[in-house]
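Working notes, beginning with the structure itself.
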Amino acid sequence: MVLWAMVKWIFTHGDGDGICSGALALAANPDAKIFFTHPFGLLEDLKNASAGDVVIVCDIALSENNVSQILERFSDLSVSGNLIYIDHHPLPEWLPVESIPGIVIYDVGASSSELTYRFFESELAWPMDRVAIYGAIADYMDDTPIINKLLGGWDKRAVYFEVGVLVQGLEGHKRDYDFKRSIVSHLSLGLPPSLHQSLLTSAIESAKREEEIIRGLKEHIQIYGEVAYTLDFPFPLGKTAIYARALAGTRIGVAGERRSGLIDMSIRTCEERIDLNRILRRITLKLGGSGGGHPKAAGARIPEENFQKFIKELNEAALSTG
């Protein structure tokens with residue numbers, strides 16, 4: 001297919017689902033360049049693409065605070081070249097999926113890895129279906145008809161071991177993009193995570209550290225109503241938020257870190273009645289920030305001086321759900 005031969009860029013997220021999505025896209029487009037981005041940086045990062053380039057964007061939510069500008073950039077790229085947008089994060093409530101320019105593969109009920117696999121399936125050889133399974137499990141979205149069908153061709157125990165290596169091995173390498181690119185390249189060849197020696201070593205070290213962290217985190221947790229939170233705790237934000245909520249027995253866990261006058265956060269809940277995506281898209285805008293994600297796992301960024309107001313608003317939102 002001539003279209004795929006023209007591909008130049010793959011913009012993807014740096015978590016497990018994003019890495020697997022990128023690996024699947026790279027396997028189908030082996031000459032593409034991998035660029036790691038995130039919702040808050042996508043607009044600026046897309047400036048790397050020039051008129052006529054083909055651009056694939058995987059697993060990047062559209063941020064409420066600059067979505068109009070991103071859509072304009074999408075439109076420019078889809079006219080001058082080709083734009084493929086693959087994602088599963090909830091959109092801003094006012095934005096219909098049909099209004100997103102380019103080729104759009106979107107489904108909130110599946111991981112980005114599954115969607116990327118489905119889109120490029122005819123270009124992929126065995127065993128790349130396994131990479132789709134890895135990404136789905138890493139993003140807690142493996143209970144879908146397609147992933148269950150794909151999993152039938154593998155030993156589930158071995159697959160879950162490999163996902164553990166991938167997820168644990170990525171911890172501590174948040175902005176080590178060369179390391180992540182090496183993993184994307186490795187997976188795009190159909191090789192399992194455990195055969196990437198640096199990743200395996202990192203996974204073992206992370207597992208040991210996680211056990212230590214779990215035992216010492218409780219004394220660093222602050223509690224405000226139904227929200228347990230930590231700031232600048234030296235551990236990955238997503239896992240810290242999970243353990244903060246669990247150890248404190250609250251409905252919501254928040255882990256944040258200070259960066260250049262802002263607080264970057266991961267927020268987690270297990271409550272079916274709490275939709276973090278909706279809550280964060282509403283309250284962060286009032287506080288000069290942005291936020292969103294999935295109903296039970298989301299992220300936010302706000303000015304540091306508004307952090308306590310954020311915690312208060314988040315608690316009120318949790319209480320209002322009953």
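Chains: A, B, ... in order of the structure tokens. Residues: from 1 per chain. Ligands: from 1, in order shown.
Among the residues of stretch 158-285 of chain A, backbone DSSP assigns strand (DSSP E or B) to Gln222, Ile223, Tyr224, Val227, Ala228, Tyr229, Thr230, Leu231, Ile252, Gly253, Val254, Ala255, Gly256, Glu257, Arg258, Arg259, Leu262, Ile263, Asp264, Met265, Ser266, Ile267, Arg268 and Thr269 of chain A.
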Can you check which parts of stretch 57-145 of chain A lie within 12 Å of stretch 274-283 of chain A? Per residue, the shortest pair of atoms and distance in Å to one decimal, counting only C-alpha atoms, sorted by chain and number, as JSON lines.
{"residue": "A:Ala61", "atom": "CA", "partner": "A:Asn277", "partner_atom": "CA", "distance": 10.9}
{"residue": "A:Leu62", "atom": "CA", "partner": "A:Arg281", "partner_atom": "CA", "distance": 11.1}
{"residue": "A:Ser63", "atom": "CA", "partner": "A:Arg281", "partner_atom": "CA", "distance": 8.8}
{"residue": "A:Glu64", "atom": "CA", "partner": "A:Arg281", "partner_atom": "CA", "distance": 6.9}
{"residue": "A:Asn65", "atom": "CA", "partner": "A:Arg281", "partner_atom": "CA", "distance": 9.2}
{"residue": "A:His89", "atom": "CA", "partner": "A:Asn277", "partner_atom": "CA", "distance": 8.9}
{"residue": "A:Pro90", "atom": "CA", "partner": "A:Asn277", "partner_atom": "CA", "distance": 7.3}
{"residue": "A:Leu91", "atom": "CA", "partner": "A:Asn277", "partner_atom": "CA", "distance": 9.3}
{"residue": "A:Pro92", "atom": "CA", "partner": "A:Arg281", "partner_atom": "CA", "distance": 7.8}
{"residue": "A:Glu93", "atom": "CA", "partner": "A:Arg278", "partner_atom": "CA", "distance": 8.6}
{"residue": "A:Trp94", "atom": "CA", "partner": "A:Arg281", "partner_atom": "CA", "distance": 11.7}
Produce a file of the selected residues containing C-alpha atoms, as a CSV table (one decimal), in the first residue's frame.
chain,number,residue,atom,x,y,z
A,61,ALA,CA,-6.2,12.1,24.7
A,62,LEU,CA,-7.4,15.4,23.3
A,63,SER,CA,-6.8,17.9,26.1
A,64,GLU,CA,-9.7,20.3,26.8
A,65,ASN,CA,-7.5,23.4,27.1
A,89,HIS,CA,-9.9,8.2,25.8
A,90,PRO,CA,-13.2,10.0,26.3
A,91,LEU,CA,-13.5,13.1,24.2
A,92,PRO,CA,-14.6,16.5,25.5
A,93,GLU,CA,-18.4,16.3,25.8
A,94,TRP,CA,-19.0,18.9,23.1
Practice item. Kindly indicate which residue among A:Leu71, A:Val227, A:Pro236, A:Ser122 lies nearest to A:Val97, using only C-alpha atoms for the distances. Key: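 So, comparing all the options, the nearest one is A:Leu71.
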Cut-off 8 Å: closest stretch 60-126 of chain A/stretch 12-22 of chain A atom pairs per residue, using only C-alpha atoms, as a tab-separated table:
residue	atom	partner	partner_atom	distance
A:Ile60	CA	A:His13	CA	6.1
A:Ser111	CA	A:Asp17	CA	7.0
A:Ser112	CA	A:Ser21	CA	6.1
A:Ser113	CA	A:Ser21	CA	4.4
A:Glu114	CA	A:Ser21	CA	7.9
A:Thr116	CA	A:Ser21	CA	5.9
A:Tyr117	CA	A:Ser21	CA	7.6
Review point. How many Å separate atom CA of A:Ala136 from atom CA of A:Ser185?
Key: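 Interatomic distance here is 18.4 Å.
With only C-alpha atoms taken into account, the protein and nucleic acid residues at most 9 Å from A:Ile56 (excluding it and anything under 2 positions from it in its own chain) are Val7, Lys8, Trp9, Ile10, Phe11, Thr12, Ala25, Val54, Cys58, Asn82, Leu83, Ile84, Tyr85 and Ile86 of chain A.
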Practice item. Identify, on the basis of only C-alpha atoms, every residue whose closest approach to A:Ser290 does not exceed 6 Å; exclude the query and any residue fewer than 6 positions from it along the same chain; express the result as number ranges by chain. Key: A: 284, 300-301
Using C-alpha atoms, can you write the selected residues to a file as a PDB file, in the first residue's frame?
ATOM      1  CA  THR A 284      -9.375  21.735  36.335  1.00  0.00           C
ATOM      2  CA  ALA A 300      -4.408  16.467  35.634  1.00  0.00           C
ATOM      3  CA  ARG A 301      -2.104  19.473  35.626  1.00  0.00           C
TER       4      ARG A 301
END
Check your understanding: Smallest atom-to-atom distance to A:Gly152: which of A:Asp129, A:Asp53, A:Glu257, A:Glu205, using only C-alpha atoms?
Key ->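 Closest to A:Gly152, using only C-alpha atoms: A:Asp129.
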Point to revise | Exercise: A:Leu150 partners within 9 Å, only C-alpha atoms, chain neighbours under 5 positions left out, as a list in words | key: Asp129, Arg130, Ala132, Ile133 and Pro145 of chain A
Any chance you can output those residues with C-alpha atoms as an mmCIF file, in the first residue's frame?
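Listed below is the output, out-v1.cif:
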data_model
loop_
_atom_site.group_PDB
_atom_site.id
_atom_site.type_symbol
_atom_site.label_atom_id
_atom_site.label_comp_id
_atom_site.auth_asym_id
_atom_site.auth_seq_id
_atom_site.Cartn_x
_atom_site.Cartn_y
_atom_site.Cartn_z
ATOM 1 C CA ASP A 129 -1.205 -10.111 17.997
ATOM 2 C CA ARG A 130 0.613 -10.774 21.268
ATOM 3 C CA ALA A 132 -1.898 -6.025 21.191
ATOM 4 C CA ILE A 133 -2.650 -8.277 24.167
ATOM 5 C CA PRO A 145 -14.161 -9.878 22.582
#
Review point. What is the distance between atom CA of A:Phe74 and atom CA of A:Asp107, in Å to one decimal?
Key: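 Computing it gives 18.6 Å between the two atoms.
Proximity ranking of A:Leu189, A:Ile263, A:Ile34, A:Val57 relative to A:Leu287 places A:Ile263 first, based on only C-alpha atoms.
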Exercise for review: Would you mind reading off the distance between atom CA of A:Val163 and atom CA of A:Lys208, one decimal, in Å?
Suggested key: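 Computed distance, atom CA of A:Val163 to atom CA of A:Lys208, equals 16.8 Å.
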Practice item. Enumerate as a PyMOL selection string all residues of stretch 14-126 of chain A assigned to alpha helix (DSSP H) by DSSP on the backbone, naming them with the chain letters and numbers the document uses. Key: chain A and resi 16-28+42-45+67-80+112-120
Check your understanding: For A:Glu211, which of A:Ala51, A:His38, A:Phe235, A:Val79 is the closest residue, counting only C-alpha atoms?
Key ->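 Result for the nearest residue to A:Glu211: A:Phe235.
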Review point. Could you pull the residues within 8 Å of A:Arg251, counting only C-alpha atoms, minus those fewer than 2 positions along the same chain, as a PyMOL selection string?
Key: chain A and resi 226-227+245+249+253+269-271+318
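With only C-alpha atoms as the basis for measurement, A:Ala228 is the residue among A:Gly293, A:Ala228, A:Pro192, A:Leu237 that approaches A:Ile311 most closely.
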Exercise for review: For each of A:Leu199, A:Ser266, A:Gly288, A:Asp178, take the minimum atom-to-atom distance to A:Lys309, counting only C-alpha atoms, then give the residue where this is smallest.
Suggested key: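 Closest candidate: A:Gly288.
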